[in-house]
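S.K.: Just so it is clear, I am handing over upload19.cif, which has mmCIF, C-alpha atoms.
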data_entry
#
loop_
_atom_site.label_atom_id
_atom_site.label_comp_id
_atom_site.auth_asym_id
_atom_site.auth_seq_id
_atom_site.Cartn_x
_atom_site.Cartn_y
_atom_site.Cartn_z
CA MET A 1 36.28 -31.51 25.28
CA ARG A 2 39.29 -29.90 26.94
CA HIS A 3 42.49 -28.21 25.91
CA PHE A 4 45.32 -30.74 25.49
CA GLY A 5 42.67 -33.45 25.64
CA HIS A 6 44.27 -35.09 22.59
CA ILE A 7 47.36 -36.08 24.57
CA SER A 8 47.44 -39.03 26.97
CA PRO A 9 46.33 -38.57 30.60
CA ALA A 10 49.77 -39.66 31.81
CA VAL A 11 51.58 -37.03 29.75
CA ARG A 12 49.02 -34.40 30.71
CA GLU A 13 49.57 -35.19 34.37
CA SER A 14 53.33 -34.75 33.93
CA LEU A 15 52.84 -31.31 32.37
CA PHE A 16 50.15 -29.72 34.50
CA PHE A 17 50.05 -28.60 38.10
CA ARG A 18 46.33 -28.05 37.47
CA GLU A 19 44.87 -29.67 34.37
CA PRO A 20 42.54 -27.82 31.96
CA CYS A 21 38.87 -28.28 32.80
CA GLU A 22 36.41 -30.16 30.63
CA PHE A 23 33.73 -28.14 28.85
CA HIS A 24 31.03 -28.71 26.23
CA THR A 25 28.66 -26.78 24.01
CA GLY A 26 26.26 -26.32 26.92
CA SER A 27 28.87 -24.84 29.27
CA SER A 28 28.47 -21.31 30.58
CA PRO A 29 29.38 -18.40 28.29
CA HIS A 30 32.00 -17.38 30.87
CA VAL A 31 33.83 -20.67 30.32
CA LEU A 32 33.30 -20.91 26.56
CA SER A 33 34.48 -17.36 25.83
CA ALA A 34 37.77 -18.04 27.61
CA ALA A 35 38.12 -21.54 26.11
CA LEU A 36 37.89 -20.58 22.41
CA GLY A 37 41.67 -20.63 22.09
CA ALA A 38 42.98 -20.85 18.53
CA THR A 39 39.82 -20.60 16.42
CA LEU A 40 40.62 -22.33 13.13
CA TYR A 41 38.91 -20.97 10.00
CA SER A 42 38.02 -23.21 7.07
CA PRO A 43 36.21 -22.39 3.80
CA ALA A 44 32.71 -23.90 3.77
CA THR A 45 33.34 -25.17 0.25
CA ARG A 46 35.67 -28.00 1.30
CA PRO A 47 34.19 -31.26 -0.04
CA ARG A 48 35.45 -33.32 2.93
CA LEU A 49 34.66 -30.73 5.56
CA ALA A 50 33.21 -33.25 8.04
CA ASP A 51 36.44 -35.28 7.86
CA ASP A 52 38.47 -32.11 8.37
CA VAL A 53 36.45 -31.12 11.44
CA ILE A 54 36.86 -34.53 13.06
CA LYS A 55 40.58 -34.61 12.23
CA GLN A 56 41.19 -31.20 13.77
CA ALA A 57 39.25 -32.10 16.89
CA GLY A 58 41.57 -35.10 17.28
CA GLN A 59 44.59 -32.79 17.07
CA GLY A 60 43.54 -30.37 19.79
CA VAL A 61 41.33 -27.81 18.01
CA VAL A 62 38.38 -26.78 20.21
CA SER A 63 36.77 -24.08 18.06
CA MET A 64 36.32 -23.72 14.29
CA VAL A 65 34.67 -21.25 11.95
CA LEU A 66 33.25 -22.55 8.68
CA CYS A 67 33.37 -19.55 6.42
CA LEU A 68 30.83 -18.37 3.84
CA GLU A 69 32.34 -14.91 3.55
CA ASP A 70 35.76 -13.64 2.45
CA SER A 71 37.41 -17.06 2.12
CA ILE A 72 35.18 -18.06 -0.81
CA ASP A 73 34.24 -16.49 -4.14
CA ASP A 74 30.91 -14.68 -4.42
CA ALA A 75 29.78 -17.23 -7.01
CA GLU A 76 30.39 -20.12 -4.57
CA VAL A 77 28.03 -19.05 -1.80
CA THR A 78 24.99 -21.09 -2.82
CA GLY A 79 27.03 -24.25 -3.27
CA ALA A 80 28.88 -23.63 0.00
CA GLU A 81 25.61 -23.32 1.92
CA ALA A 82 24.39 -26.64 0.48
CA ASN A 83 27.74 -28.22 1.33
CA LEU A 84 27.47 -27.02 4.93
CA VAL A 85 24.06 -28.62 5.32
CA ARG A 86 25.38 -31.93 3.94
CA GLN A 87 28.50 -31.88 6.08
CA PHE A 88 26.58 -31.14 9.29
CA ALA A 89 24.25 -34.05 8.51
CA ASP A 90 27.33 -36.24 8.01
CA LEU A 91 28.79 -35.15 11.35
CA GLU A 92 25.50 -35.86 13.10
CA ALA A 93 25.26 -39.32 11.56
CA ARG A 94 28.79 -40.19 12.63
CA ASP A 95 28.18 -38.98 16.21
CA ALA A 96 31.82 -37.95 16.51
CA GLU A 97 33.18 -35.42 18.97
CA VAL A 98 33.48 -32.05 17.26
CA PRO A 99 34.85 -28.64 18.29
CA LEU A 100 32.69 -25.63 18.95
CA LEU A 101 31.45 -24.92 15.42
CA PHE A 102 30.52 -21.47 14.11
CA VAL A 103 29.45 -20.36 10.65
CA ARG A 104 30.63 -17.03 9.26
CA VAL A 105 27.78 -15.62 7.22
CA ARG A 106 27.56 -12.65 4.88
CA GLU A 107 24.04 -11.36 5.50
CA PRO A 108 21.48 -11.65 8.34
CA ASP A 109 19.00 -13.65 6.22
CA GLN A 110 21.50 -16.49 5.95
CA ILE A 111 21.21 -17.18 9.68
CA SER A 112 17.53 -18.15 9.76
CA ASP A 113 17.79 -19.94 6.42
CA LEU A 114 20.75 -22.09 7.48
CA VAL A 115 19.31 -22.93 10.90
CA GLN A 116 16.10 -24.12 9.25
CA ARG A 117 17.97 -26.18 6.63
CA LEU A 118 20.27 -27.79 9.19
CA GLY A 119 17.31 -29.44 10.91
CA SER A 120 18.31 -31.68 13.81
CA SER A 121 22.03 -31.25 13.07
CA VAL A 122 21.76 -27.66 14.31
CA ARG A 123 22.61 -29.12 17.72
CA LEU A 124 26.24 -29.26 16.51
CA LEU A 125 26.26 -25.53 15.78
CA SER A 126 27.48 -23.15 18.49
CA GLY A 127 26.69 -19.94 16.66
CA PHE A 128 27.56 -17.45 13.95
CA VAL A 129 30.41 -15.10 13.16
CA LEU A 130 29.07 -11.70 12.07
CA PRO A 131 31.32 -9.78 9.64
CA LYS A 132 31.89 -6.02 9.34
CA PHE A 133 29.94 -5.40 12.52
CA THR A 134 28.61 -1.90 13.19
CA GLU A 135 25.62 -0.69 15.20
CA ASP A 136 23.15 -0.65 12.29
CA ARG A 137 24.40 -3.80 10.60
CA GLY A 138 24.96 -5.61 13.88
CA GLU A 139 21.42 -5.05 15.12
CA LEU A 140 20.05 -6.86 12.05
CA PHE A 141 22.41 -9.79 12.53
CA LEU A 142 21.60 -10.16 16.22
CA GLU A 143 17.85 -9.90 15.66
CA ALA A 144 18.14 -12.70 13.08
CA LEU A 145 20.19 -14.82 15.48
CA THR A 146 17.68 -14.30 18.29
CA ALA A 147 14.80 -15.32 16.02
CA ALA A 148 16.67 -18.40 14.77
CA GLU A 149 17.42 -19.48 18.32
CA ALA A 150 13.76 -19.15 19.28
CA ALA A 151 12.62 -21.07 16.20
CA SER A 152 15.09 -23.92 16.67
CA GLY A 153 15.05 -24.12 20.47
CA HIS A 154 18.85 -24.37 20.33
CA ARG A 155 21.21 -21.90 22.03
CA LEU A 156 23.23 -19.87 19.53
CA PHE A 157 26.06 -17.45 20.21
CA ALA A 158 27.34 -14.53 18.15
CA MET A 159 30.94 -13.51 17.51
CA PRO A 160 30.94 -10.08 15.83
CA VAL A 161 34.00 -9.19 13.75
CA LEU A 162 35.22 -5.62 14.18
CA GLU A 163 36.73 -4.76 10.79
CA SER A 164 34.74 -1.95 9.16
CA PRO A 165 36.44 1.16 7.71
CA GLU A 166 34.33 3.31 10.06
CA LEU A 167 36.15 1.72 12.97
CA LEU A 168 39.56 2.27 11.42
CA HIS A 169 39.14 5.90 10.34
CA LEU A 170 39.94 8.32 13.13
CA GLU A 171 37.06 10.73 12.44
CA THR A 172 34.42 7.99 12.80
CA ARG A 173 36.09 5.60 15.25
CA GLY A 174 34.72 7.02 18.49
CA GLU A 175 31.06 7.02 17.49
CA THR A 176 31.42 3.65 15.74
CA LEU A 177 32.84 2.11 18.91
CA ARG A 178 30.10 3.64 21.03
CA GLY A 179 27.48 2.27 18.66
CA ILE A 180 29.01 -1.20 18.73
CA ALA A 181 29.13 -1.03 22.53
CA ARG A 182 25.43 -0.17 22.69
CA THR A 183 24.53 -3.05 20.40
CA VAL A 184 26.57 -5.80 22.03
CA ASP A 185 25.50 -4.68 25.49
CA LYS A 186 21.84 -4.98 24.45
CA TYR A 187 22.49 -8.57 23.34
CA ARG A 188 25.12 -9.35 25.98
CA ASP A 189 23.82 -12.85 26.73
CA ARG A 190 24.29 -13.83 23.06
CA VAL A 191 27.73 -12.32 22.38
CA LEU A 192 30.41 -14.88 23.17
CA ALA A 193 33.43 -12.87 22.00
CA LEU A 194 34.47 -10.02 19.74
CA ARG A 195 36.94 -10.74 16.94
CA LEU A 196 39.33 -8.31 15.26
CA GLY A 197 39.60 -8.16 11.46
CA VAL A 198 43.12 -6.79 11.18
CA THR A 199 43.55 -7.86 7.55
CA ASP A 200 40.66 -5.58 6.60
CA PHE A 201 42.22 -2.75 8.63
CA CYS A 202 45.47 -3.11 6.70
CA SER A 203 43.61 -3.36 3.40
CA ALA A 204 42.04 0.07 3.87
CA TYR A 205 45.52 1.61 3.66
CA GLY A 206 47.13 -0.83 1.25
CA LEU A 207 49.28 -2.34 4.02
CA ARG A 208 50.45 -5.85 4.79
CA ARG A 209 52.70 -6.73 7.70
CA ALA A 210 55.81 -8.79 7.04
CA PRO A 211 56.36 -12.15 8.80
CA ASP A 212 58.85 -10.56 11.21
CA MET A 213 56.36 -7.87 12.27
CA THR A 214 53.34 -8.15 14.56
CA ALA A 215 50.03 -6.34 14.20
CA TYR A 216 51.21 -4.02 16.97
CA ASP A 217 54.19 -2.88 14.87
CA VAL A 218 51.74 -1.43 12.33
CA GLN A 219 50.91 1.67 14.31
CA ILE A 220 47.57 2.44 12.71
CA VAL A 221 46.40 -1.11 13.52
CA GLY A 222 47.84 -1.09 17.02
CA ALA A 223 45.98 2.15 17.73
CA VAL A 224 42.65 0.60 16.73
CA ILE A 225 43.27 -2.49 18.87
CA GLY A 226 44.03 -0.24 21.83
CA ASP A 227 40.82 1.74 21.34
CA VAL A 228 38.72 -1.43 20.96
CA VAL A 229 40.08 -2.81 24.23
CA ASN A 230 39.62 0.58 25.88
CA VAL A 231 35.89 0.68 25.09
CA LEU A 232 34.91 -2.99 24.86
CA GLY A 233 37.45 -4.93 26.93
CA ARG A 234 37.23 -3.33 30.36
CA ALA A 235 37.61 -5.47 33.46
CA ASP A 236 34.79 -3.76 35.36
CA GLY A 237 32.08 -6.21 34.27
CA THR A 238 31.10 -4.26 31.15
CA GLY A 239 33.75 -5.76 28.88
CA PHE A 240 33.81 -8.73 26.51
CA THR A 241 36.39 -11.31 25.53
CA ILE A 242 38.29 -9.87 22.55
CA THR A 243 40.30 -12.33 20.48
CA GLY A 244 43.66 -11.76 18.79
CA PRO A 245 44.04 -11.03 15.06
CA VAL A 246 44.89 -13.60 12.43
CA TRP A 247 48.49 -14.55 11.67
CA GLU A 248 48.59 -15.07 7.93
CA TYR A 249 51.98 -16.73 7.37
CA PHE A 250 52.66 -20.46 7.32
CA ARG A 251 55.00 -22.89 5.62
CA LEU A 252 55.18 -26.63 4.86
CA GLN A 253 52.83 -29.04 6.58
CA GLU A 254 51.01 -28.94 9.89
CA ARG A 255 53.28 -31.69 11.27
CA MET A 256 56.38 -29.68 10.44
CA PHE A 257 57.91 -29.98 13.92
CA LYS A 258 57.99 -33.79 13.84
CA PRO A 259 61.57 -34.15 12.49
CA GLN A 260 62.99 -31.83 15.14
CA LEU A 261 61.11 -33.59 17.92
CA ARG A 262 62.16 -37.08 16.81
CA ARG A 263 65.82 -36.11 16.97
CA SER A 264 65.75 -35.00 20.59
CA PRO A 265 64.33 -36.17 23.93
CA PHE A 266 60.95 -34.97 25.23
CA MET A 267 62.53 -32.39 27.54
CA GLY A 268 65.53 -30.12 27.01
CA GLN A 269 64.98 -29.19 23.35
CA ALA A 270 64.28 -25.47 23.65
CA GLU A 271 66.94 -24.18 21.27
CA GLU A 272 66.22 -26.76 18.58
CA LEU A 273 62.49 -26.13 18.63
CA ARG A 274 62.97 -22.36 18.72
CA THR A 275 65.12 -22.65 15.58
CA ALA A 276 62.37 -24.67 13.90
CA LEU A 277 59.80 -22.01 14.78
CA ILE A 278 61.93 -19.23 13.32
CA GLU A 279 62.63 -21.23 10.15
CA HIS A 280 58.92 -21.73 9.61
CA ASP A 281 57.94 -18.05 10.01
CA LEU A 282 56.36 -18.62 13.42
CA ASP A 283 58.71 -16.53 15.56
CA GLY A 284 56.57 -13.50 14.70
CA LEU A 285 53.45 -15.45 15.65
CA LEU A 286 54.88 -16.21 19.09
CA ARG A 287 55.71 -12.56 19.70
CA GLU A 288 52.24 -11.51 18.55
CA ILE A 289 50.53 -14.01 20.88
CA GLU A 290 52.48 -12.58 23.81
CA LEU A 291 51.53 -9.05 22.77
CA ASP A 292 47.88 -10.10 22.38
CA ARG A 293 47.76 -11.15 26.01
CA ALA A 294 49.71 -8.09 27.19
CA ASN A 295 47.10 -5.92 25.46
CA GLY A 296 44.08 -7.67 26.94
CA LEU A 297 43.21 -10.15 24.17
CA LEU A 298 42.49 -13.84 24.66
CA GLY A 299 42.44 -16.51 21.94
CA LYS A 300 43.32 -15.95 18.29
CA THR A 301 41.95 -16.30 14.79
CA CYS A 302 43.95 -18.95 12.89
CA ILE A 303 43.97 -19.92 9.22
CA HIS A 304 46.43 -22.84 9.41
CA PRO A 305 46.55 -25.87 11.75
CA SER A 306 50.24 -25.25 12.52
CA HIS A 307 49.23 -22.11 14.45
CA VAL A 308 46.92 -23.88 16.88
CA LEU A 309 49.40 -25.52 19.25
CA PRO A 310 51.59 -22.43 19.69
CA VAL A 311 48.49 -20.41 20.63
CA HIS A 312 47.37 -23.03 23.14
CA ALA A 313 50.83 -23.64 24.60
CA LEU A 314 51.32 -19.91 25.22
CA SER A 315 47.84 -19.67 26.77
CA VAL A 316 48.65 -22.10 29.59
CA VAL A 317 49.12 -20.25 32.88
CA SER A 318 52.61 -20.59 34.33
CA HIS A 319 53.05 -21.82 37.87
CA GLU A 320 54.43 -18.40 38.80
CA GLU A 321 51.42 -16.54 37.38
CA TYR A 322 49.07 -18.89 39.20
CA SER A 323 50.91 -18.44 42.48
CA ASP A 324 50.75 -14.65 42.18
CA ALA A 325 47.05 -14.68 41.27
CA GLN A 326 46.15 -16.91 44.19
CA ASP A 327 48.10 -14.76 46.63
CA ILE A 328 46.39 -11.59 45.40
CA LEU A 329 42.90 -13.09 45.68
CA ARG A 330 43.21 -14.64 49.13
CA PRO A 331 40.20 -13.55 51.25
CA GLU A 332 42.43 -12.05 53.92
CA ARG A 333 43.88 -9.70 51.27
CA GLY A 334 40.49 -8.06 50.67
CA GLY A 335 41.60 -4.84 52.30
CA GLY A 336 44.46 -4.31 49.91
CA GLY A 337 48.13 -3.90 50.60
CA VAL A 338 51.40 -4.92 49.00
CA LEU A 339 53.17 -8.28 49.29
CA ARG A 340 56.26 -9.89 47.88
CA SER A 341 55.54 -12.67 45.43
CA ALA A 342 56.15 -16.27 46.45
CA TYR A 343 58.82 -16.35 43.73
CA THR A 344 60.45 -13.33 45.51
CA ASN A 345 60.97 -11.50 42.21
CA LYS A 346 58.17 -8.93 42.09
CA MET A 347 55.67 -6.84 44.02
CA ASN A 348 52.03 -7.92 44.08
CA GLU A 349 49.78 -4.97 44.90
CA VAL A 350 46.41 -6.42 45.84
CA LYS A 351 43.91 -3.83 44.64
CA PRO A 352 45.54 -2.79 41.32
CA HIS A 353 46.39 -6.40 40.42
CA ARG A 354 43.04 -7.93 41.39
CA ALA A 355 41.45 -7.76 37.91
CA TRP A 356 44.59 -9.30 36.38
CA ALA A 357 44.47 -12.10 38.96
CA GLU A 358 40.80 -12.83 38.24
CA ARG A 359 41.47 -13.05 34.50
CA THR A 360 44.51 -15.25 35.12
CA LEU A 361 42.45 -17.74 37.14
CA GLN A 362 39.78 -17.74 34.41
CA ARG A 363 42.50 -18.66 31.88
CA ALA A 364 43.90 -21.24 34.30
CA GLU A 365 40.50 -22.94 34.49
CA VAL A 366 40.32 -23.64 30.76
CA PHE A 367 44.00 -23.87 29.74
CA GLY A 368 45.42 -25.29 32.95
CA VAL A 369 48.47 -24.41 35.04
CA ALA A 370 51.88 -25.76 34.06
CA ARG A 371 54.10 -27.50 36.57
CA GLU A 372 56.90 -25.38 37.94
CA ASP A 373 59.54 -26.85 35.63
CA VAL A 374 57.34 -26.98 32.49
CA GLY A 375 57.37 -24.22 29.88
CA PHE A 376 56.20 -23.46 26.36
CA VAL A 377 58.60 -25.87 24.66
CA GLU A 378 57.49 -28.88 26.68
CA LEU A 379 53.82 -28.04 26.14
CA LEU A 380 54.30 -27.58 22.41
CA ALA A 381 56.35 -30.76 22.09
CA ALA A 382 53.75 -32.82 23.91
CA GLY A 383 50.97 -31.34 21.79
CA VAL A 384 52.77 -32.15 18.53
CA THR A 385 53.73 -35.69 19.47
CA GLY A 386 50.32 -36.40 21.01
#
Hey, can you dump this file as C-alpha cells for me?
M.R.:
Amino acid sequence: MRHFGHISPAVRESLFFREPCEFHTGSSPHVLSAALGATLYSPATRPRLADDVIKQAGQGVVSMVLCLEDSIDDAEVTGAEANLVRQFADLEARDAEVPLLFVRVREPDQISDLVQRLGSSVRLLSGFVLPKFTEDRGELFLEALTAAEAASGHRLFAMPVLESPELLHLETRGETLRGIARTVDKYRDRVLALRLGVTDFCSAYGLRRAPDMTAYDVQIVGAVIGDVVNVLGRADGTGFTITGPVWEYFRLQERMFKPQLRRSPFMGQAEELRTALIEHDLDGLLREIELDRANGLLGKTCIHPSHVLPVHALSVVSHEEYSDAQDILRPERGGGGVLRSAYTNKMNEVKPHRAWAERTLQRAEVFGVAREDVGFVELLAAGVTG
C-alpha cells in the first residue's frame, strides 16, 4: 500500500516531485508510525464491515480502527466480538488488499481471546488500540499483547490512547505522564504511536468545541497536548509518534466535493474548493491539521471518510520544505552554521533545525513531496476524483 495509491500512476507522477513510498504490514515501525495518516474509526458492530474495509482501502485509507469500546453500547460487546471474527475470516477468504487494521478493546483479556478466535486471519491484524492508558492499566494491556503475539507468532503493535482524567487534572498530570513514559519506554518495540482522546478531555469539564474552533482553542485541552508532547514527543530519540485528536464534525456524503470538482478544471480551483470546505464544516479541520503539525503531532484520528483526504493532502511535504530539509542535512553542514534557503525567503540554521529536517524527510518518505507548482487543492482534487 501507499498514500495516494488509489489514484492513477500518471496523475501521481504529475503531482509528486518524489512519490510516496510503498509499505506493508511487515514494514519497519519507523515507517508505519509515520504512515498511519488519517486513521479511520468504525464500530465493530457493522454487519458489512469487511465490505467497508475494502471500500475504504480503495479510496485511500491506509489505517483503520475497528472499535469495541466507546462507539458501541455495553450490551453489544459480545456480538461485536463475534462479528469481528466473522468479518476477518471474510477478508481473509477474499484475499483483498486491506489497510493496517487495529482493534480497540476495552479490557486486556479481550486481546488474547480475540487473537485466539481470529485463527489464521490474525495475519490481517496490525495490533490493538488501548483506551484510557495509564501506567497501571497500560502495563496489563501490554503484557496481554506481548503474550498474544508470542502465542500467535504474529507481530502486533499497540496504540495507547491518552485520555484519562488523571492526565487532564493538573494535580495528577505530571506523575501520570511520567508513569506513562515509563510504561511505553519499557515496551518501546511494541508501541507504534500514542493517540490523544480529546473528546474525553472535554467531557471531564462538560465542554465541546464548536466547528469553527480547534482543540488548541480550548485552552485546557491545548495545555494537555503541549505537556504530552513535552514528555512523550521529544526529538532526542526518546519520543514517540503522537497523533492528532479527532475532528467530530461532518456533513452530507463522503463524495461531497464531486459537484464542485466537476464544474471546474483539474487545476486552478482553489477558491471554489475552499468555499466547499467551509460550507461543509471542514475549514476548522484544516486549521486543526496545520496546528497538529506545528505542535509536533503526525496523523489524525478520523470518524468520517470525508476527513481522510484533507489529512493526507496536508501531510504531503511541499517542495519548499523538502528543499530546506535537504539543505540542512547535507553532510558538509555537519558543523552547523546558517544559510539562506534555496527559496531565498528564510534562514535555515543547521543545528537548531536539524531535528525538524529529519522529521520532514521521514514524512516525505511516506507522504511524498509535491511538485513545486502543486499545493493542497490539487492534491485534494486528485484524491477525490481518483
S.K.: Hey, could you make a per-residue contact list for stretch 25-134 of chain A against stretch 192-212 of chain A with 12 Å as the cut-off, showing the nearest pair of atoms and its distance in Å to one decimal, counting all atoms listed in the file, sorted by chain and number, as a Markdown table?
M.R.:
| residue | atom | partner | partner_atom | distance |
| --- | --- | --- | --- | --- |
| A:Ser27 | CA | A:Leu192 | CA | 11.8 |
| A:Ser28 | CA | A:Leu192 | CA | 10.0 |
| A:Pro29 | CA | A:Leu192 | CA | 6.3 |
| A:His30 | CA | A:Leu192 | CA | 8.3 |
| A:Val31 | CA | A:Leu192 | CA | 9.8 |
| A:Leu32 | CA | A:Leu192 | CA | 7.5 |
| A:Ser33 | CA | A:Leu192 | CA | 5.5 |
| A:Ala34 | CA | A:Ala193 | CA | 8.8 |
| A:Ala35 | CA | A:Leu192 | CA | 10.6 |
| A:Leu36 | CA | A:Ala193 | CA | 8.9 |
| A:Gly37 | CA | A:Ala193 | CA | 11.3 |
| A:Ala38 | CA | A:Arg195 | CA | 11.9 |
| A:Thr39 | CA | A:Arg195 | CA | 10.3 |
| A:Val65 | CA | A:Arg195 | CA | 11.9 |
| A:Asp70 | CA | A:Asp200 | CA | 10.3 |
| A:Leu100 | CA | A:Leu192 | CA | 11.8 |
| A:Phe102 | CA | A:Leu192 | CA | 11.2 |
| A:Arg104 | CA | A:Arg195 | CA | 11.8 |
| A:Ser126 | CA | A:Leu192 | CA | 9.9 |
| A:Gly127 | CA | A:Leu192 | CA | 9.0 |
| A:Phe128 | CA | A:Leu192 | CA | 10.0 |
| A:Val129 | CA | A:Arg195 | CA | 8.7 |
| A:Leu130 | CA | A:Arg195 | CA | 9.3 |
| A:Pro131 | CA | A:Gly197 | CA | 8.6 |
| A:Lys132 | CA | A:Gly197 | CA | 8.3 |
| A:Phe133 | CA | A:Leu194 | CA | 9.7 |
| A:Thr134 | CA | A:Leu194 | CA | 12.0 |
S.K.: Atoms to include: C-alpha atoms. Write the selected residues as a tab-separated table (two decimals), in the coordinates of the input.
M.R.:
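The new file selection-v9.tsv reads:
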chain	number	residue	atom	x	y	z
A	27	SER	CA	28.87	-24.84	29.27
A	28	SER	CA	28.47	-21.31	30.58
A	29	PRO	CA	29.38	-18.40	28.29
A	30	HIS	CA	32.00	-17.38	30.87
A	31	VAL	CA	33.83	-20.67	30.32
A	32	LEU	CA	33.30	-20.91	26.56
A	33	SER	CA	34.48	-17.36	25.83
A	34	ALA	CA	37.77	-18.04	27.61
A	35	ALA	CA	38.12	-21.54	26.11
A	36	LEU	CA	37.89	-20.58	22.41
A	37	GLY	CA	41.67	-20.63	22.09
A	38	ALA	CA	42.98	-20.85	18.53
A	39	THR	CA	39.82	-20.60	16.42
A	65	VAL	CA	34.67	-21.25	11.95
A	70	ASP	CA	35.76	-13.64	2.45
A	100	LEU	CA	32.69	-25.63	18.95
A	102	PHE	CA	30.52	-21.47	14.11
A	104	ARG	CA	30.63	-17.03	9.26
A	126	SER	CA	27.48	-23.15	18.49
A	127	GLY	CA	26.69	-19.94	16.66
A	128	PHE	CA	27.56	-17.45	13.95
A	129	VAL	CA	30.41	-15.10	13.16
A	130	LEU	CA	29.07	-11.70	12.07
A	131	PRO	CA	31.32	-9.78	9.64
A	132	LYS	CA	31.89	-6.02	9.34
A	133	PHE	CA	29.94	-5.40	12.52
A	134	THR	CA	28.61	-1.90	13.19
S.K.: Could you work out how far atom CA of A:Gln362 lies from atom CA of A:Gly153, giving the answer in Å with one decimal?
M.R.: 29.1 Å
S.K.: For A:Tyr216, work out the shell of residues within 10 Å, counting only C-alpha atoms and skipping chain neighbours fewer than 3 positions away, then give it as a ChimeraX atom specification.
M.R.: /A:209,213,219-226,288,291-292,295
S.K.: Nearest to A:Gly284: which of A:Ala215, A:Leu309, A:Ile242, A:Ala235 is it, counting only C-alpha atoms?
M.R.: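 Selected residue with least distance to A:Gly284: A:Ala215.
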S.K.: Could you tell me how far atom CA of A:Lys351 lies from atom CA of A:Arg293, in Å and to one decimal?
M.R.: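 Answer for the atom CA of A:Lys351 to atom CA of A:Arg293 separation: 20.4 Å.
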S.K.: Leaving out stretch 366-378 of chain A and any residue of its chain fewer than 4 positions from it, which residues lie within 8 Å of it when counting all atoms listed in the file, given as a ChimeraX atom specification?
M.R.: /A:2-3,14-22,31,34-35,266-267,269-270,273,312-320,322,362,382
S.K.: Figure out the distance between atom CA of A:Leu40 and atom CA of A:Ser164, please, to one decimal in Å.
M.R.: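 Between atom CA of A:Ser164 and atom CA of A:Leu40 the gap is 21.6 Å.
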S.K.: Let me know the residues the PyMOL selection byres ((chain A and resi 53-60) around 8) catches in the file above, as JSON, numbers by chain.
M.R.: {"A": [3, 4, 5, 6, 49, 50, 51, 52, 61, 62, 64, 96, 97, 98, 99, 305, 308, 309, 383, 386]}
S.K.: Write the residues of the selection above to a file with C-alpha atoms, as a CSV table (one decimal), keeping the file's coordinate frame.
M.R.:
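Heads up, here's the output in part.csv:
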chain,number,residue,atom,x,y,z
A,3,HIS,CA,42.5,-28.2,25.9
A,4,PHE,CA,45.3,-30.7,25.5
A,5,GLY,CA,42.7,-33.4,25.6
A,6,HIS,CA,44.3,-35.1,22.6
A,49,LEU,CA,34.7,-30.7,5.6
A,50,ALA,CA,33.2,-33.2,8.0
A,51,ASP,CA,36.4,-35.3,7.9
A,52,ASP,CA,38.5,-32.1,8.4
A,61,VAL,CA,41.3,-27.8,18.0
A,62,VAL,CA,38.4,-26.8,20.2
A,64,MET,CA,36.3,-23.7,14.3
A,96,ALA,CA,31.8,-38.0,16.5
A,97,GLU,CA,33.2,-35.4,19.0
A,98,VAL,CA,33.5,-32.0,17.3
A,99,PRO,CA,34.8,-28.6,18.3
A,305,PRO,CA,46.6,-25.9,11.8
A,308,VAL,CA,46.9,-23.9,16.9
A,309,LEU,CA,49.4,-25.5,19.2
A,383,GLY,CA,51.0,-31.3,21.8
A,386,GLY,CA,50.3,-36.4,21.0
S.K.: What do you get, as a ChimeraX atom specification, if you spell out every residue that the PyMOL selection byres ((chain A and resi 328) around 8) selects here?
M.R.: /A:324-327,329-330,333,348-350,353-354,357
S.K.: Residue by residue, what does the PyMOL selection byres ((chain A and resi 147) around 12) grab here? Present the result as a list in words.
M.R.: Pro108, Asp109, Ile111, Ser112, Asp113, Val115, Gln116, Leu140, Phe141, Leu142, Glu143, Ala144, Leu145, Thr146, Ala148, Glu149, Ala150, Ala151, Ser152, Gly153, His154, Arg155, Leu156 and Arg190 of chain A
S.K.: Output C-alpha atoms for every residue in the selection just made, as a CSV table (one decimal), in the frame of the given file.
M.R.:
chain,number,residue,atom,x,y,z
A,108,PRO,CA,21.5,-11.6,8.3
A,109,ASP,CA,19.0,-13.6,6.2
A,111,ILE,CA,21.2,-17.2,9.7
A,112,SER,CA,17.5,-18.2,9.8
A,113,ASP,CA,17.8,-19.9,6.4
A,115,VAL,CA,19.3,-22.9,10.9
A,116,GLN,CA,16.1,-24.1,9.2
A,140,LEU,CA,20.0,-6.9,12.0
A,141,PHE,CA,22.4,-9.8,12.5
A,142,LEU,CA,21.6,-10.2,16.2
A,143,GLU,CA,17.8,-9.9,15.7
A,144,ALA,CA,18.1,-12.7,13.1
A,145,LEU,CA,20.2,-14.8,15.5
A,146,THR,CA,17.7,-14.3,18.3
A,148,ALA,CA,16.7,-18.4,14.8
A,149,GLU,CA,17.4,-19.5,18.3
A,150,ALA,CA,13.8,-19.2,19.3
A,151,ALA,CA,12.6,-21.1,16.2
A,152,SER,CA,15.1,-23.9,16.7
A,153,GLY,CA,15.0,-24.1,20.5
A,154,HIS,CA,18.8,-24.4,20.3
A,155,ARG,CA,21.2,-21.9,22.0
A,156,LEU,CA,23.2,-19.9,19.5
A,190,ARG,CA,24.3,-13.8,23.1
S.K.: So for stretch 172-183 of chain A, what box centre and size do we get, axis-aligned, 5 Å extra on each of the six sides, every listed atom, Å to one decimal, as lines of an AutoDock Vina configuration file?
M.R.:
center_x = 30.3
center_y = 2.5
center_z = 17.7
size_x = 21.6
size_y = 21.0
size_z = 19.9
